[in-house]
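Trainee: Have a look at this one before I ask anything.
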Amino acid sequence: MTEQDRHAAFMLRAIEEARAGMRARQGGPFGALLADPEGRILAVAHNEVLGTQDCTMHAEVAALRKAGRLDLRGCTLYATGFPCVMCLGAILWSRLSTLYYCNDYAMTAAAGFDDAAFMQDVGRVFHCSPSPAGEVELPNLSVRRLFLPEGAALYEEWNAMQDRTLY
């Protein structure tokens, strides 16, 4: 298996986890998989905001919690959507090395999760105008898009759900 094949397989697993949580009505169409530097899976999680009534139980945060350790240097997180500000903060605090996301910010907003107003508020606090860059190299975190059609299909399924709960 090539490195690219492994990345795709991990993202597909995150998408499957997101779909399971979404169909169980535990949260939105978000999943995450955390892998160590050797490619071993440390955690797989889905959004649990609705199931737990905890606004912090996003898939990325749930995966970081399942990892059971603070320092995740060298590890990679695969997320079905571009992380929100809260999740990005948690990712940075965890010292992860690489983040792959599938669906971009515009796709996430079209699925009913538009954080633009929230990001403006954060920008006022920190005196900046935050907007997602897509792919970026930070000093300790590489952010890369890994688009798969299965990720777009996940959001399409979410949008087609008649009884979905937006939050």
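Just so we're on the same page: first chain in the structure tokens is A, next is B, and so on; residues restart at 1 for each chain, and ligands are numbered from 1 in the order they show up.
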If you run DSSP over the backbone, which residues in chain A end up alpha helix (DSSP H)? Put them as a ChimeraX atom specification.
Mentor: /A:3-23,49-52,59-67,85-94,105-110,116-126,149-160
Trainee: DSSP on the backbone, strand (DSSP E) only: what residues of range 80-117 of chain A does that give? Format it as a VMD selection string.
Mentor: chain A and resid 80 to 81 98 to 103
Trainee: Residues of the last selection are to be written out with all heavy atoms, as a compact mmCIF listing (two decimals), in the first residue's frame.
Mentor:
```txt
# COMPACT_ATOMS: atom_id res chain seq x y z
N THR A 80 -13.26 14.70 8.36
CA THR A 80 -14.14 14.77 7.19
C THR A 80 -14.40 16.19 6.73
O THR A 80 -14.70 16.42 5.57
CB THR A 80 -15.48 14.07 7.47
OG1 THR A 80 -16.10 14.66 8.61
CG2 THR A 80 -15.28 12.58 7.70
N GLY A 81 -14.28 17.16 7.63
CA GLY A 81 -14.50 18.55 7.28
C GLY A 81 -13.38 19.43 7.79
O GLY A 81 -12.64 19.05 8.70
N THR A 98 0.33 16.59 11.42
CA THR A 98 -0.34 16.73 10.14
C THR A 98 -1.84 16.59 10.30
O THR A 98 -2.31 15.73 11.05
CB THR A 98 0.16 15.65 9.14
OG1 THR A 98 1.58 15.68 9.10
CG2 THR A 98 -0.38 15.89 7.74
N LEU A 99 -2.57 17.42 9.57
CA LEU A 99 -4.02 17.36 9.52
C LEU A 99 -4.44 17.23 8.07
O LEU A 99 -4.05 18.07 7.24
CB LEU A 99 -4.63 18.63 10.12
CG LEU A 99 -6.10 18.89 9.81
CD1 LEU A 99 -6.99 17.85 10.48
CD2 LEU A 99 -6.49 20.30 10.21
N TYR A 100 -5.19 16.18 7.76
CA TYR A 100 -5.82 16.05 6.46
C TYR A 100 -7.32 16.26 6.65
O TYR A 100 -7.89 15.71 7.58
CB TYR A 100 -5.60 14.65 5.86
CG TYR A 100 -4.23 14.43 5.31
CD1 TYR A 100 -3.24 13.83 6.07
CD2 TYR A 100 -3.92 14.81 4.00
CE1 TYR A 100 -1.97 13.62 5.55
CE2 TYR A 100 -2.66 14.59 3.47
CZ TYR A 100 -1.69 14.00 4.25
OH TYR A 100 -0.45 13.79 3.74
N TYR A 101 -7.92 17.06 5.78
CA TYR A 101 -9.36 17.23 5.82
C TYR A 101 -9.91 16.93 4.43
O TYR A 101 -9.22 17.10 3.43
CB TYR A 101 -9.76 18.63 6.30
CG TYR A 101 -9.42 19.73 5.33
CD1 TYR A 101 -10.36 20.17 4.41
CD2 TYR A 101 -8.16 20.30 5.32
CE1 TYR A 101 -10.05 21.17 3.51
CE2 TYR A 101 -7.83 21.30 4.42
CZ TYR A 101 -8.78 21.73 3.51
OH TYR A 101 -8.47 22.70 2.61
N CYS A 102 -11.16 16.51 4.37
CA CYS A 102 -11.77 16.12 3.10
C CYS A 102 -12.61 17.25 2.52
O CYS A 102 -12.30 17.78 1.46
CB CYS A 102 -12.61 14.86 3.31
SG CYS A 102 -13.33 14.20 1.80
N ASN A 103 -13.67 17.62 3.19
CA ASN A 103 -14.60 18.63 2.69
C ASN A 103 -14.16 20.01 3.16
O ASN A 103 -13.84 20.21 4.34
CB ASN A 103 -16.02 18.33 3.14
CG ASN A 103 -16.53 17.03 2.54
OD1 ASN A 103 -16.12 16.65 1.45
ND2 ASN A 103 -17.40 16.35 3.25
```
Trainee: Nearest residue to Cys55 in chain A out of A:Arg73, A:Gly68, A:Gly27, A:Glu17, using only C-alpha atoms?
Mentor: A:Gly27
Trainee: Would you mind telling me which residue in A:Tyr167, A:Tyr155, A:Tyr78, A:Phe30 lies nearest to Met11 in chain A when using only C-alpha atoms?
Mentor: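 Closest residue, counting only C-alpha atoms: A:Tyr78.
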Trainee: Report as a PDB file with N, CA and C atoms, in the first residue's frame all protein, DNA and RNA residues lying within 12 Å of Asp163 in chain A, evaluated on only C-alpha atoms, omitting residues in the same chain fewer than 2 positions from it.
Mentor:
```pdb
ATOM      1  N   MET A  22     -23.890  10.091  12.296  1.00  0.00           N
ATOM      2  CA  MET A  22     -24.956  10.888  11.704  1.00  0.00           C
ATOM      3  C   MET A  22     -26.254  10.091  11.652  1.00  0.00           C
ATOM      4  N   ARG A  23     -26.170   8.852  11.178  1.00  0.00           N
ATOM      5  CA  ARG A  23     -27.370   8.017  11.064  1.00  0.00           C
ATOM      6  C   ARG A  23     -27.937   7.646  12.429  1.00  0.00           C
ATOM      7  N   ALA A  24     -27.088   7.601  13.438  1.00  0.00           N
ATOM      8  CA  ALA A  24     -27.545   7.322  14.804  1.00  0.00           C
ATOM      9  C   ALA A  24     -28.073   8.586  15.486  1.00  0.00           C
ATOM     10  N   ARG A  25     -28.074   9.690  14.753  1.00  0.00           N
ATOM     11  CA  ARG A  25     -28.571  10.984  15.237  1.00  0.00           C
ATOM     12  C   ARG A  25     -27.748  11.505  16.421  1.00  0.00           C
ATOM     13  N   GLY A  28     -23.662  15.804  13.591  1.00  0.00           N
ATOM     14  CA  GLY A  28     -23.582  16.101  12.172  1.00  0.00           C
ATOM     15  C   GLY A  28     -22.641  15.159  11.432  1.00  0.00           C
ATOM     16  N   GLU A 157     -25.794  13.290   1.760  1.00  0.00           N
ATOM     17  CA  GLU A 157     -26.717  12.473   2.557  1.00  0.00           C
ATOM     18  C   GLU A 157     -27.246  13.280   3.741  1.00  0.00           C
ATOM     19  N   TRP A 158     -26.379  14.016   4.412  1.00  0.00           N
ATOM     20  CA  TRP A 158     -26.799  14.868   5.529  1.00  0.00           C
ATOM     21  C   TRP A 158     -27.847  15.879   5.066  1.00  0.00           C
ATOM     22  N   ASN A 159     -27.567  16.553   3.953  1.00  0.00           N
ATOM     23  CA  ASN A 159     -28.498  17.570   3.447  1.00  0.00           C
ATOM     24  C   ASN A 159     -29.841  16.973   3.047  1.00  0.00           C
ATOM     25  N   ALA A 160     -29.858  15.702   2.655  1.00  0.00           N
ATOM     26  CA  ALA A 160     -31.094  15.042   2.238  1.00  0.00           C
ATOM     27  C   ALA A 160     -31.914  14.509   3.411  1.00  0.00           C
ATOM     28  N   MET A 161     -31.331  14.447   4.588  1.00  0.00           N
ATOM     29  CA  MET A 161     -32.049  13.936   5.763  1.00  0.00           C
ATOM     30  C   MET A 161     -33.158  14.911   6.135  1.00  0.00           C
ATOM     31  N   THR A 165     -31.033  17.581  12.615  1.00  0.00           N
ATOM     32  CA  THR A 165     -31.061  18.678  13.571  1.00  0.00           C
ATOM     33  C   THR A 165     -29.837  19.544  13.343  1.00  0.00           C
ATOM     34  N   LEU A 166     -30.068  20.779  12.969  1.00  0.00           N
ATOM     35  CA  LEU A 166     -28.965  21.724  12.810  1.00  0.00           C
ATOM     36  C   LEU A 166     -28.663  22.360  14.163  1.00  0.00           C
TER      37      LEU A 166
END
```
Trainee: If you measure from CA of Asp104 in chain A to CA of Glu135 in chain A, what distance in Å do you get, rounded to one decimal?
Mentor: 10.1 Å
Trainee: Identify which of the residues A:Leu70, A:Ala106, A:Leu96, A:Met119 lies closest to Asn140 in chain A, counting only C-alpha atoms when measuring atom-to-atom distances.
Mentor: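 Looking at the shortest contact to Asn140 in chain A, the residue is A:Leu96.
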Trainee: Between A:Gly89, A:Pro149, A:Gly31, A:Pro83, which residue has the minimum interatomic distance to Ala133 in chain A, considering only C-alpha atoms?
Mentor: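 Of A:Gly89, A:Pro149, A:Gly31, A:Pro83, the one nearest Ala133 in chain A is A:Pro83, counting only C-alpha atoms.
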Trainee: Could you jot down the CA of Ala18 in chain A to CA of Arg69 in chain A separation for me, Å, one decimal place?
Mentor: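 Straight-line distance from CA of Ala18 in chain A to CA of Arg69 in chain A works out to 22.9 Å.
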Trainee: Interatomic distance between CA of Glu60 in chain A and CA of Ala79 in chain A?
Mentor: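 Between CA of Glu60 in chain A and CA of Ala79 in chain A the gap is 6.8 Å.
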Trainee: Return the single residue from A:Ala111, A:Ala62, A:Ala43, A:Ala67 that is closest to Leu154 in chain A, with distances computed using only C-alpha atoms.
Mentor: A:Ala111
Trainee: For a quick check of understanding, using only C-alpha atoms, which of A:Leu72, A:Leu50, A:Leu92, A:Leu77 has the smallest distance to Arg13 in chain A?
Mentor: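 Under the stated criterion, the closest residue is A:Leu77.
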